[in-house]
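> work-v2.cif is the file, holding mmCIF, C-alpha atoms (C1' of nucleotides):
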```
data_upload
loop_
_atom_site.group_PDB
_atom_site.id
_atom_site.type_symbol
_atom_site.label_atom_id
_atom_site.label_comp_id
_atom_site.auth_asym_id
_atom_site.auth_seq_id
_atom_site.Cartn_x
_atom_site.Cartn_y
_atom_site.Cartn_z
ATOM 1 C CA MET T 257 0.000 0.000 0.000
ATOM 2 C CA LYS T 258 1.332 3.415 -0.925
ATOM 3 C CA GLN T 259 1.586 5.813 1.954
ATOM 4 C CA ILE T 260 1.385 9.530 1.705
ATOM 5 C CA ILE T 261 1.932 10.171 5.393
ATOM 6 C CA PRO T 262 4.479 7.909 7.101
ATOM 7 C CA LEU T 263 3.014 5.675 9.808
ATOM 8 C CA LYS T 264 4.145 7.261 13.020
ATOM 9 C CA LYS T 265 3.871 5.099 16.091
ATOM 10 C CA LEU T 266 2.549 6.756 19.237
ATOM 11 C CA THR T 267 5.373 7.337 21.705
ATOM 12 C CA ARG T 268 5.774 6.700 25.430
ATOM 13 C CA GLU T 269 5.161 10.428 25.984
ATOM 14 C CA PHE T 270 1.715 10.138 24.419
ATOM 15 C CA TYR T 271 0.693 7.402 26.837
ATOM 16 C CA THR T 272 2.158 8.811 30.037
ATOM 17 C CA ARG T 273 -0.295 11.720 30.087
ATOM 18 C CA PRO T 274 -3.506 11.737 32.202
ATOM 19 C CA VAL T 275 -6.012 9.069 31.161
ATOM 20 C CA LEU T 276 -8.752 11.476 30.040
ATOM 21 C CA ASN T 277 -6.406 13.221 27.612
ATOM 22 C CA VAL T 278 -5.112 9.953 26.232
ATOM 23 C CA ALA T 279 -8.664 8.603 25.855
ATOM 24 C CA LYS T 280 -9.835 11.560 23.757
ATOM 25 C CA ASP T 281 -6.658 11.641 21.702
ATOM 26 C CA LEU T 282 -6.876 7.932 20.879
ATOM 27 C CA LEU T 283 -10.009 8.573 18.818
ATOM 28 C CA GLY T 284 -9.211 8.427 15.111
ATOM 29 C CA LYS T 285 -5.851 6.698 15.662
ATOM 30 C CA ILE T 286 -5.101 3.324 14.076
ATOM 31 C CA LEU T 287 -4.686 0.156 16.139
ATOM 32 C CA ILE T 288 -2.405 -2.349 14.429
ATOM 33 C CA LYS T 289 -1.632 -5.972 15.197
ATOM 34 C CA LYS T 290 1.051 -7.768 13.256
ATOM 35 C CA GLU T 291 0.497 -11.492 12.893
ATOM 36 C CA ARG T 292 2.656 -14.109 11.202
ATOM 37 C CA ASN T 293 1.921 -12.904 7.667
ATOM 38 C CA LYS T 294 -1.054 -10.626 8.100
ATOM 39 C CA ILE T 295 -1.664 -7.165 9.405
ATOM 40 C CA LEU T 296 -4.868 -6.298 11.193
ATOM 41 C CA ALA T 297 -5.760 -2.633 11.487
ATOM 42 C CA GLY T 298 -8.684 -0.479 12.489
ATOM 43 C CA LYS T 299 -9.558 3.069 13.438
ATOM 44 C CA ILE T 300 -10.402 3.618 17.105
ATOM 45 C CA VAL T 301 -13.877 5.171 17.227
ATOM 46 C CA GLU T 302 -15.030 4.641 20.826
ATOM 47 C CA VAL T 303 -13.181 4.492 24.169
ATOM 48 C CA GLU T 304 -13.739 4.752 27.917
ATOM 49 C CA ALA T 305 -11.375 6.045 30.597
ATOM 50 C CA TYR T 306 -10.841 4.235 33.917
ATOM 51 C CA ASP T 307 -8.831 5.845 36.709
ATOM 52 C CA GLY T 308 -8.326 3.853 39.897
ATOM 53 C CA SER T 309 -7.445 6.867 42.015
ATOM 54 C CA ILE T 310 -11.010 8.258 41.970
ATOM 55 C CA ASP T 311 -13.113 5.819 39.942
ATOM 56 C CA GLU T 312 -14.894 2.939 41.649
ATOM 57 C CA ALA T 313 -15.625 1.219 38.332
ATOM 58 C CA SER T 314 -11.926 0.824 37.597
ATOM 59 C CA HIS T 315 -10.308 -2.558 38.146
ATOM 60 C CA SER T 316 -7.483 -0.685 39.845
ATOM 61 C CA PHE T 317 -9.647 1.184 42.400
ATOM 62 C CA LYS T 318 -8.821 -1.178 45.268
ATOM 63 C CA GLY T 319 -5.152 -1.484 44.449
ATOM 64 C CA LYS T 320 -2.943 -3.984 42.745
ATOM 65 C CA THR T 321 -4.042 -7.573 42.151
ATOM 66 C CA LYS T 322 -2.615 -10.309 39.983
ATOM 67 C CA ARG T 323 -5.081 -9.435 37.201
ATOM 68 C CA ASN T 324 -4.713 -5.642 37.156
ATOM 69 C CA GLU T 325 -0.983 -5.358 37.860
ATOM 70 C CA ILE T 326 -0.405 -4.160 34.274
ATOM 71 C CA MET T 327 -2.604 -1.109 34.886
ATOM 72 C CA PHE T 328 -0.054 0.228 37.383
ATOM 73 C CA ARG T 329 2.810 0.206 34.914
ATOM 74 C CA ILE T 330 3.990 3.278 33.076
ATOM 75 C CA GLY T 331 1.665 4.274 30.205
ATOM 76 C CA GLY T 332 1.977 2.469 26.901
ATOM 77 C CA TYR T 333 1.291 -1.137 27.901
ATOM 78 C CA PHE T 334 -1.561 -3.289 26.658
ATOM 79 C CA TYR T 335 -3.921 -4.652 29.354
ATOM 80 C CA VAL T 336 -6.233 -7.503 28.322
ATOM 81 C CA TYR T 337 -8.637 -9.146 30.774
ATOM 82 C CA PHE T 338 -11.202 -11.923 30.598
ATOM 83 C CA THR T 339 -14.745 -11.260 31.780
ATOM 84 C CA TYR T 340 -18.127 -12.948 32.162
ATOM 85 C CA GLY T 341 -16.309 -16.219 31.557
ATOM 86 C CA VAL T 342 -16.674 -15.539 27.855
ATOM 87 C CA HIS T 343 -15.140 -12.314 26.581
ATOM 88 C CA HIS T 344 -11.826 -10.522 26.504
ATOM 89 C CA CYS T 345 -11.510 -6.733 26.641
ATOM 90 C CA CYS T 346 -8.438 -4.718 25.673
ATOM 91 C CA ASN T 347 -7.096 -1.549 27.235
ATOM 92 C CA VAL T 348 -4.279 0.951 26.871
ATOM 93 C CA VAL T 349 -2.443 1.714 30.109
ATOM 94 C CA THR T 350 -1.847 5.428 30.720
ATOM 95 C CA GLY T 351 -0.064 7.744 33.108
ATOM 96 C CA LYS T 352 2.936 7.398 35.338
ATOM 97 C CA GLU T 353 4.342 4.247 36.850
ATOM 98 C CA GLY T 354 2.341 3.295 39.955
ATOM 99 C CA HIS T 355 -0.855 5.060 38.816
ATOM 100 C CA GLY T 356 -3.567 2.524 37.929
ATOM 101 C CA ALA T 357 -5.349 3.950 34.898
ATOM 102 C CA ALA T 358 -6.250 2.726 31.430
ATOM 103 C CA VAL T 359 -8.416 3.351 28.385
ATOM 104 C CA LEU T 360 -10.843 0.607 27.339
ATOM 105 C CA ILE T 361 -11.114 0.329 23.567
ATOM 106 C CA ARG T 362 -14.827 -0.192 22.915
ATOM 107 C CA ALA T 363 -15.215 0.085 19.152
ATOM 108 C CA ILE T 364 -13.105 0.079 16.034
ATOM 109 C CA GLU T 365 -13.739 0.703 12.354
ATOM 110 C CA PRO T 366 -12.050 -2.178 10.491
ATOM 111 C CA LEU T 367 -9.512 -1.090 7.860
ATOM 112 C CA SER T 368 -7.214 -3.993 7.054
ATOM 113 C CA GLY T 369 -7.353 -7.768 7.519
ATOM 114 C CA ILE T 370 -11.139 -7.663 7.325
ATOM 115 C CA ASP T 371 -11.334 -11.169 5.845
ATOM 116 C CA ILE T 372 -9.505 -12.604 8.881
ATOM 117 C CA MET T 373 -11.757 -10.684 11.269
ATOM 118 C CA ALA T 374 -14.828 -11.977 9.430
ATOM 119 C CA LEU T 375 -13.609 -15.569 9.707
ATOM 120 C CA ARG T 376 -12.959 -15.227 13.424
ATOM 121 C CA ARG T 377 -16.271 -13.561 14.166
ATOM 122 C CA TYR T 378 -18.638 -15.377 11.825
ATOM 123 C CA GLY T 379 -16.681 -18.294 10.361
ATOM 124 C CA LYS T 380 -17.043 -16.955 6.831
ATOM 125 C CA ARG T 381 -15.574 -14.294 4.537
ATOM 126 C CA LYS T 382 -18.639 -12.790 2.896
ATOM 127 C CA LEU T 383 -20.640 -10.758 5.374
ATOM 128 C CA THR T 384 -23.990 -9.050 5.187
ATOM 129 C CA GLU T 385 -23.984 -5.314 5.753
ATOM 130 C CA ARG T 386 -25.332 -5.837 9.244
ATOM 131 C CA GLU T 387 -22.594 -8.364 10.105
ATOM 132 C CA MET T 388 -20.013 -5.983 8.679
ATOM 133 C CA LEU T 389 -21.142 -3.221 11.031
ATOM 134 C CA ASN T 390 -21.122 -5.634 13.972
ATOM 135 C CA LEU T 391 -17.605 -6.890 13.295
ATOM 136 C CA THR T 392 -15.761 -4.787 15.894
ATOM 137 C CA ASN T 393 -18.373 -2.540 17.542
ATOM 138 C CA GLY T 394 -17.850 -3.701 21.125
ATOM 139 C CA PRO T 395 -14.911 -4.578 23.381
ATOM 140 C CA GLY T 396 -15.499 -8.342 23.274
ATOM 141 C CA LYS T 397 -15.983 -8.267 19.509
ATOM 142 C CA ILE T 398 -12.704 -6.411 18.947
ATOM 143 C CA CYS T 399 -10.812 -9.034 20.906
ATOM 144 C CA GLN T 400 -12.477 -11.851 18.974
ATOM 145 C CA ALA T 401 -11.763 -10.235 15.594
ATOM 146 C CA PHE T 402 -8.157 -9.352 16.480
ATOM 147 C CA ALA T 403 -7.666 -12.569 18.489
ATOM 148 C CA PHE T 404 -6.531 -10.709 21.597
ATOM 149 C CA ASP T 405 -6.384 -12.701 24.818
ATOM 150 C CA ARG T 406 -4.488 -12.651 28.105
ATOM 151 C CA THR T 407 -1.292 -13.727 26.366
ATOM 152 C CA HIS T 408 -1.257 -10.199 24.875
ATOM 153 C CA SER T 409 -1.658 -8.529 28.259
ATOM 154 C CA GLY T 410 1.533 -6.708 29.185
ATOM 155 C CA LEU T 411 2.711 -6.140 25.610
ATOM 156 C CA ASP T 412 4.549 -2.869 25.129
ATOM 157 C CA LEU T 413 2.681 -0.679 22.641
ATOM 158 C CA THR T 414 5.904 1.054 21.685
ATOM 159 C CA GLY T 415 7.043 -2.330 20.338
ATOM 160 C CA ASN T 416 6.351 -4.044 17.020
ATOM 161 C CA LYS T 417 3.619 -6.619 17.690
ATOM 162 C CA VAL T 418 0.688 -4.473 18.741
ATOM 163 C CA PHE T 419 0.854 -0.702 18.482
ATOM 164 C CA ILE T 420 -1.088 2.424 17.564
ATOM 165 C CA VAL T 421 -0.188 4.937 14.870
ATOM 166 C CA GLU T 422 -0.917 8.618 14.321
ATOM 167 C CA ALA T 423 -3.736 9.861 12.133
ATOM 168 C CA ALA T 424 -5.206 13.230 11.290
ATOM 169 C CA SER T 425 -6.480 14.778 14.513
ATOM 170 C CA LEU T 426 -10.177 15.364 15.011
ATOM 171 C CA LYS T 427 -12.043 18.587 15.505
ATOM 172 C CA LYS T 428 -13.541 19.004 18.949
ATOM 173 C CA SER T 429 -17.007 19.086 17.396
ATOM 174 C CA GLU T 430 -16.483 15.573 16.021
ATOM 175 C CA ILE T 431 -16.061 14.055 19.499
ATOM 176 C CA GLY T 432 -19.052 12.906 21.512
ATOM 177 C CA VAL T 433 -19.066 12.410 25.305
ATOM 178 C CA SER T 434 -21.323 10.299 27.504
ATOM 179 C CA GLU T 435 -21.495 8.150 30.614
ATOM 180 C CA ARG T 436 -19.794 4.782 30.413
ATOM 181 C CA ILE T 437 -21.606 1.622 29.397
ATOM 182 C CA GLY T 438 -22.257 -1.507 31.419
ATOM 183 C CA ILE T 439 -21.081 -0.347 34.853
ATOM 184 C CA SER T 440 -22.955 0.309 38.092
ATOM 185 C CA LYS T 441 -20.394 2.201 40.186
ATOM 186 C CA SER T 442 -19.266 5.755 39.362
ATOM 187 C CA LYS T 443 -21.879 5.758 36.608
ATOM 188 C CA GLU T 444 -22.172 9.514 36.544
ATOM 189 C CA LEU T 445 -18.656 10.170 35.257
ATOM 190 C CA PRO T 446 -18.809 11.301 31.588
ATOM 191 C CA TRP T 447 -15.790 9.266 30.576
ATOM 192 C CA ARG T 448 -16.926 7.616 27.360
ATOM 193 C CA PHE T 449 -15.680 9.296 24.184
ATOM 194 C CA PHE T 450 -16.624 8.504 20.608
ATOM 195 C CA ILE T 451 -16.509 9.843 17.079
ATOM 196 C CA ARG T 452 -19.924 11.325 16.360
ATOM 197 C CA GLU T 453 -21.922 9.784 13.522
ATOM 198 C CA ASN T 454 -19.496 6.918 13.095
ATOM 199 C CA LEU T 455 -21.222 3.760 11.857
ATOM 200 C CA PHE T 456 -19.125 1.387 13.971
ATOM 201 C CA LEU T 457 -20.061 2.619 17.460
ATOM 202 C CA SER T 458 -21.230 0.047 20.010
ATOM 203 C CA ARG T 459 -24.565 1.812 20.414
ATOM 204 C "C1'" DT X 275 -37.236 -3.460 17.419
ATOM 205 C "C1'" DC X 276 -37.001 -4.685 22.303
ATOM 206 C "C1'" DT X 277 -36.256 -7.389 26.406
ATOM 207 C "C1'" DG X 278 -34.539 -11.086 29.170
ATOM 208 C "C1'" DC X 279 -31.366 -14.647 29.841
ATOM 209 C "C1'" DG X 280 -27.430 -17.926 29.789
ATOM 210 C "C1'" DA X 281 -22.560 -18.686 29.508
ATOM 211 C "C1'" DT X 282 -19.016 -19.102 33.325
ATOM 212 C "C1'" DA X 283 -13.545 -17.129 34.752
ATOM 213 C "C1'" DT X 284 -11.938 -14.154 37.939
ATOM 214 C "C1'" DT X 285 -12.017 -11.299 41.749
ATOM 215 C "C1'" DC X 286 -13.519 -9.586 46.346
ATOM 216 C "C1'" DA V 60 -22.041 -12.366 44.774
ATOM 217 C "C1'" DA V 61 -20.757 -9.360 41.128
ATOM 218 C "C1'" DT V 62 -18.891 -8.309 36.637
ATOM 219 C "C1'" DA V 63 -15.683 -2.513 31.838
ATOM 220 C "C1'" DT V 64 -20.202 -8.525 27.275
ATOM 221 C "C1'" DC V 65 -22.525 -10.749 23.623
ATOM 222 C "C1'" DG V 66 -25.841 -13.291 20.888
ATOM 223 C "C1'" DC V 67 -29.928 -15.742 20.872
ATOM 224 C "C1'" DA V 68 -34.890 -16.595 21.640
ATOM 225 C "C1'" DG V 69 -39.282 -15.060 22.019
ATOM 226 C "C1'" DA V 70 -42.652 -11.222 22.326
ATOM 227 C "C1'" DC V 71 -44.663 -7.554 19.985
#
```
For this file, write the structure as structure tokens.


Amino acid sequence: MKQIIPLKKLTREFYTRPVLNVAKDLLGKILIKKERNKILAGKIVEVEAYDGSIDEASHSFKGKTKRNEIMFRIGGYFYVYFTYGVHHCCNVVTGKEGHGAAVLIRAIEPLSGIDIMALRRYGKRKLTEREMLNLTNGPGKICQAFAFDRTHSGLDLTGNKVFIVEAASLKKSEIGVSERIGISKSKELPWRFFIRENLFLSR
DNA sequence: TCTGCGATATTC
DNA sequence: AATATCGCAGAC
């Protein structure tokens, strides 16, 4: 593929900022996973921030455990957890070392490797329009399509296996804000961010 | 189009 | 006992 703008990987400095800034700035960026001979890529269109220092819904609120230890690392690590006995969810760790915060990636617009994602999600290559829109529009769906599981937890996003690259930045008017989805504690915090009008949002 | 429910690992 | 989810079944 010919590139006009070079793919610029997000740096440690990007990730070590406060979680709310990182969450908003991740919108529009491209998540990439390199596999044996395939590249999976998609535009991040919906995220949620979790900050253990003040946020009861965060895994890190009550301190370090075996599961959430990654969240307390310096920003720029990948945190993947298993939930409901069924699904994986993937997160981007943010902030300084010792601060337990991360951004949950909730929805992605598929760009590359769509045939692989289709196979993993539906067991076939040809999808209906509805299936196409449901390919990666939720945290569990992203992990199924990209085949993320706990073996990917702790990967360094400044490395070469899984990483995020720059893209044209969004206008403020393009970003929507709401309460987070599927939680019961700290519900009132408006920490969900999404690209308005995007077809691949989770709801 | 919507609502309710089951699956079931991990943590507290 | 609760959960940062999803897809299916059944009602309408």

> Would you write out, as JSON lines, a table of all residues in chain T that have an atom no more than 9 Å from an atom of chain V, listing for each the closest atom pair and the distance in Å to one decimal, considering all atoms listed in the file and ordering rows by chain and rising residue number?


```
{"residue": "T:Glu304", "atom": "CA", "partner": "V:DA63", "partner_atom": "C1'", "distance": 8.5}
{"residue": "T:Tyr306", "atom": "CA", "partner": "V:DA63", "partner_atom": "C1'", "distance": 8.6}
{"residue": "T:Ala313", "atom": "CA", "partner": "V:DA63", "partner_atom": "C1'", "distance": 7.5}
{"residue": "T:Ser314", "atom": "CA", "partner": "V:DA63", "partner_atom": "C1'", "distance": 7.6}
{"residue": "T:His315", "atom": "CA", "partner": "V:DA63", "partner_atom": "C1'", "distance": 8.3}
{"residue": "T:Thr339", "atom": "CA", "partner": "V:DT62", "partner_atom": "C1'", "distance": 7.0}
{"residue": "T:Tyr340", "atom": "CA", "partner": "V:DT62", "partner_atom": "C1'", "distance": 6.5}
{"residue": "T:Val342", "atom": "CA", "partner": "V:DT64", "partner_atom": "C1'", "distance": 7.9}
{"residue": "T:His343", "atom": "CA", "partner": "V:DT64", "partner_atom": "C1'", "distance": 6.4}
{"residue": "T:His344", "atom": "CA", "partner": "V:DT64", "partner_atom": "C1'", "distance": 8.6}
{"residue": "T:Cys345", "atom": "CA", "partner": "V:DA63", "partner_atom": "C1'", "distance": 7.9}
{"residue": "T:Leu360", "atom": "CA", "partner": "V:DA63", "partner_atom": "C1'", "distance": 7.3}
{"residue": "T:Gly394", "atom": "CA", "partner": "V:DT64", "partner_atom": "C1'", "distance": 8.2}
{"residue": "T:Pro395", "atom": "CA", "partner": "V:DT64", "partner_atom": "C1'", "distance": 7.7}
{"residue": "T:Gly396", "atom": "CA", "partner": "V:DT64", "partner_atom": "C1'", "distance": 6.2}
{"residue": "T:Lys397", "atom": "CA", "partner": "V:DC65", "partner_atom": "C1'", "distance": 8.1}
{"residue": "T:Arg436", "atom": "CA", "partner": "V:DA63", "partner_atom": "C1'", "distance": 8.5}
{"residue": "T:Ile437", "atom": "CA", "partner": "V:DA63", "partner_atom": "C1'", "distance": 7.6}
{"residue": "T:Gly438", "atom": "CA", "partner": "V:DA63", "partner_atom": "C1'", "distance": 6.7}
{"residue": "T:Ile439", "atom": "CA", "partner": "V:DA63", "partner_atom": "C1'", "distance": 6.6}
```

> Calculate how many Å separate CA of Leu383 (chain T) from CA of Glu365 (chain T), rounding to one decimal.

15.1 Å

> What is the distance between CA of Cys346 (chain T) and CA of Arg381 (chain T), in Å to one decimal?

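These two atoms are separated by 24.3 Å.
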
> Evaluate the PyMOL selection byres ((chain X) within 7 of (chain T)) here and jot the selected residues down as a PyMOL selection string.

chain X and resi 281-283

> Between CA of Ser440 (chain T) and CA of Ala305 (chain T), what is the distance in Å, rounded to a tenth?

14.9 Å

> So which residues get picked by the PyMOL selection byres ((chain T and resi 271) around 12) here, written as a PyMOL selection string?

chain T and resi 265-270+272-282+329-334+347-353+357-359+412-414+419-420

> With 8 Å on each side, where is the centre of the axis-aligned box around all listed atoms of region 62-70 of chain V, and how long are its edges in Å to one decimal, as JSON?


```
{"center_x": -29.2, "center_y": -9.6, "center_z": 28.8, "size_x": 43.0, "size_y": 30.1, "size_z": 31.8}
```

> Quick one: of T:Lys320, T:Lys289, T:Lys299, T:Arg448, who's nearest to Phe404 (chain T), counting only C-alpha atoms?

T:Lys289

> Just so the selection is clear, what residues does the PyMOL selection byres ((chain T and resi 368-379) around 10) cover here, as a PyMOL selection string?

chain T and resi 288-289+294-299+365-367+380-383+387-388+390-392+397-403
